[in-house]
Every structure is written in structure tokens, then in C-alpha cells.
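Beneath this line is the structure, given in C-alpha cells, with notes to follow.
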Amino acid sequence: MNFVSSIDGAVTSDGTSGGLGTPADRRLFTILRELADVVVVGAATVRTENYGGAKPDAAARDRRIRRGQAPVPPIAVVTASARLDPESRLFTDTDIAPVVITGRAAPADRVHALVAAGAEVVAVDDDAVPTTALMSTLAERGLSRVLCEGGPSLFGQLLRDDAVDELCLTTSPVLVAGGAGRIAHSPSSSPRPMRRAHVLADEDGTILTRWVRERPGRL
């Protein structure tokens with residue numbers, strides 16, 4: 001998982017996480033995308049943040065190829081309803097087709113429109129998109145290093161289903177207040193012990209932390 005929040009815990013500023021971004025956070029965002037096989041995101045975040053495709057530069061593409069990865073990681077969108085705009089940047093501003101993982105009840109006309117826009121659409125055998133179906137769909141395509149960029153509902157689902165191994169959390173040096181939500185939410189709490197792996201601080205006050213799952217017997 002990769003998230004940014006304000007000092008007071010807000011996940012957005014003026015409705016988007018982009019308002020919390022800093023130069024250090026953007027550098028980390030780019031590095032994590034370069035390392036990932038696939039970038040997973042929920043449909044609401046795609047709509048709110050106006051997502052386009054990942055676009056690593058030439059040097060990053062070369063490094064990915066040397067590691068045995070595809071030059072560009074695809075964006076995989078989780079949406080039970082397939083409610084995405086086929087004319088949005090996700091489809092028009094990308095170097096590689098997105099993967100849309102949807103439910104069996106998604107309207108056929110929406111699915112057809114996304115396919116026509118160039119997406120690979122995968123309908124799982126469930127009205128929702130369970131974590132097991134999401135992960136197996138990615139694994140079948142050889143996408144094992146999964147970077148999830150939100151949103152909070154998807155984070156909450158993955159946390160509840162014990163599918164979160166690491167969290168990279170940027171604390172932006174700003175207070176927001178208002179009604180912004182947290183980085184993760186779900187119907188019930190799902191406590192998971194985590195171990196601090198890295199803490200970095202930029203001169204502008206940005207704090208970059210990396211937390212890894214604490215597992216029994218782990219050194």
C-alpha cells in the first residue's frame with residue numbers, strides 16, 4: 001500500500017490526495033511504481049484523482065526490463081459495477097491497456113464500452129470483487145509484486161482479508177481538518193501489528209515511513 005496523509009490524519013485536501021503531495025512524496029510515488037508489477041486502485045479513486053496510466057521514463061523502463069519486468073506496469077482497477085468513463089485518462093492517456101476487474105453483475109453495456117476503449121476486462125464469479133479473486137486474477141498474469149494506491153475502502157478490504165504486507169505512508173507537513181476520511185476504513189476494525197522498517201525526513205517536513213507486516217518468527 002502507498003498512501004499520503006496530513007499531520008492530522010486527512011487522506012485528502014480539497015477532495016483529492018494530490019493536494020497533500022510534496023516533492024519527496026512524488027519521488028517515492030515514482031520509485032514504487034517502477035518496482036511494481038501492477039498498480040491496483042479502486043474505481044472511486046480513479047474517478048476522483050483522474051487517473052492516467054503509469055509512464056516510467058526511459059531509464060526506469062530499462063531497469064524494469066533488466067529485472068525481468070514489463071517496461072510499463074499496468075493499472076488494474078477494482079470495480080464491481082464497471083462504472084468507469086471510457087473517455088477518461090485511464091484509457092486515453094496511457095501507454096498500456098488497463099485491466100478492469102469487475103463483478104459478474106456488472107452491466108453488459110458498461111463492460112462492452114470498456115473493452116471497446118481498449119481495456120482488458122475480467123469478470124470474477126461474484127457480485128463483488130473478493131480479495132482472493134483479485135489476487136488470483138493478477139497472479140494468473142504473472143503480476144506478483146502488487147502496489148495498491150487506494151482508496152480507503154479497498155485498503156480496508158485488503159487489510160480485513162490479511163492481504164497487506166507493507167504500507168508506505170507519507171505524512172505531509174500540513175494540517176487539513178474538515179471532513180476528510182482516513183487512509184483505510186471498513187465495517188469493523190482489523191488490527192494488524194506492523195514493524196517500522198524505514199523513516200526518512202525531508203527538509204520541507206515531509207516524513208516518509210515504511211511499515212512491514214509483523215509475522216511470528218520473523219527476524
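Quick note on naming: the chains in the C-alpha cells go A, B, ... in the order shown, residues restart at 1 in each chain, and ligands are numbered from 1 in order of appearance.
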Check your understanding: Among range 55-167 of chain A, which residues carry a DSSP assignment of helix (DSSP H, G or I), reported as a PyMOL selection string?
Key -> chain A and resi 58-66+89-92+108-116+131-140+152-160
**Study point:** For range 85-102 of chain A: contacts at 10 Å, only C-alpha atoms, fewer than 5 positions along chain excluded, given as a PyMOL selection string
**Key:** chain A and resi 38-43+46-47+50-56+71-80+110-130+133-134+137-138
Spatial neighbours of Asp37 in chain A, 8 Å, only C-alpha atoms, chain gap at least 4 places, as a PDB file with N, CA and C atoms, in the first residue's frame:
```
ATOM      1  N   GLN A  69      10.868  -7.524 -15.753  1.00  0.00           N
ATOM      2  CA  GLN A  69       9.511  -6.995 -15.719  1.00  0.00           C
ATOM      3  C   GLN A  69       9.140  -6.395 -17.069  1.00  0.00           C
ATOM      4  N   ALA A  70       7.828  -6.188 -17.254  1.00  0.00           N
ATOM      5  CA  ALA A  70       7.379  -5.453 -18.435  1.00  0.00           C
ATOM      6  C   ALA A  70       7.863  -4.007 -18.335  1.00  0.00           C
ATOM      7  N   PRO A  73       4.204  -0.861 -15.914  1.00  0.00           N
ATOM      8  CA  PRO A  73       3.229  -1.612 -15.120  1.00  0.00           C
ATOM      9  C   PRO A  73       1.799  -1.205 -15.485  1.00  0.00           C
ATOM     10  N   PRO A  74       0.905  -2.155 -15.680  1.00  0.00           N
ATOM     11  CA  PRO A  74      -0.478  -1.789 -15.971  1.00  0.00           C
ATOM     12  C   PRO A  74      -1.194  -1.267 -14.724  1.00  0.00           C
ATOM     13  N   LEU A 143       1.599 -11.161 -12.277  1.00  0.00           N
ATOM     14  CA  LEU A 143       1.745  -9.872 -11.600  1.00  0.00           C
ATOM     15  C   LEU A 143       1.756 -10.120 -10.094  1.00  0.00           C
ATOM     16  N   SER A 144       2.929 -10.412  -9.571  1.00  0.00           N
ATOM     17  CA  SER A 144       3.025 -10.819  -8.169  1.00  0.00           C
ATOM     18  C   SER A 144       3.438  -9.698  -7.230  1.00  0.00           C
ATOM     19  N   ARG A 145       4.132  -8.697  -7.733  1.00  0.00           N
ATOM     20  CA  ARG A 145       4.507  -7.555  -6.894  1.00  0.00           C
ATOM     21  C   ARG A 145       3.454  -6.480  -7.083  1.00  0.00           C
ATOM     22  N   VAL A 146       2.522  -6.429  -6.140  1.00  0.00           N
ATOM     23  CA  VAL A 146       1.314  -5.609  -6.278  1.00  0.00           C
ATOM     24  C   VAL A 146       1.444  -4.343  -5.441  1.00  0.00           C
ATOM     25  N   LEU A 147       1.318  -3.207  -6.101  1.00  0.00           N
ATOM     26  CA  LEU A 147       1.290  -1.910  -5.429  1.00  0.00           C
ATOM     27  C   LEU A 147      -0.136  -1.394  -5.457  1.00  0.00           C
TER      28      LEU A 147
END
```
Point to revise | Selection: 8 Å around Glu166 in chain A, only C-alpha atoms, excl. self and same-chain fewer than 5 positions, as a ChimeraX atom specification | key: /A:1,210-213
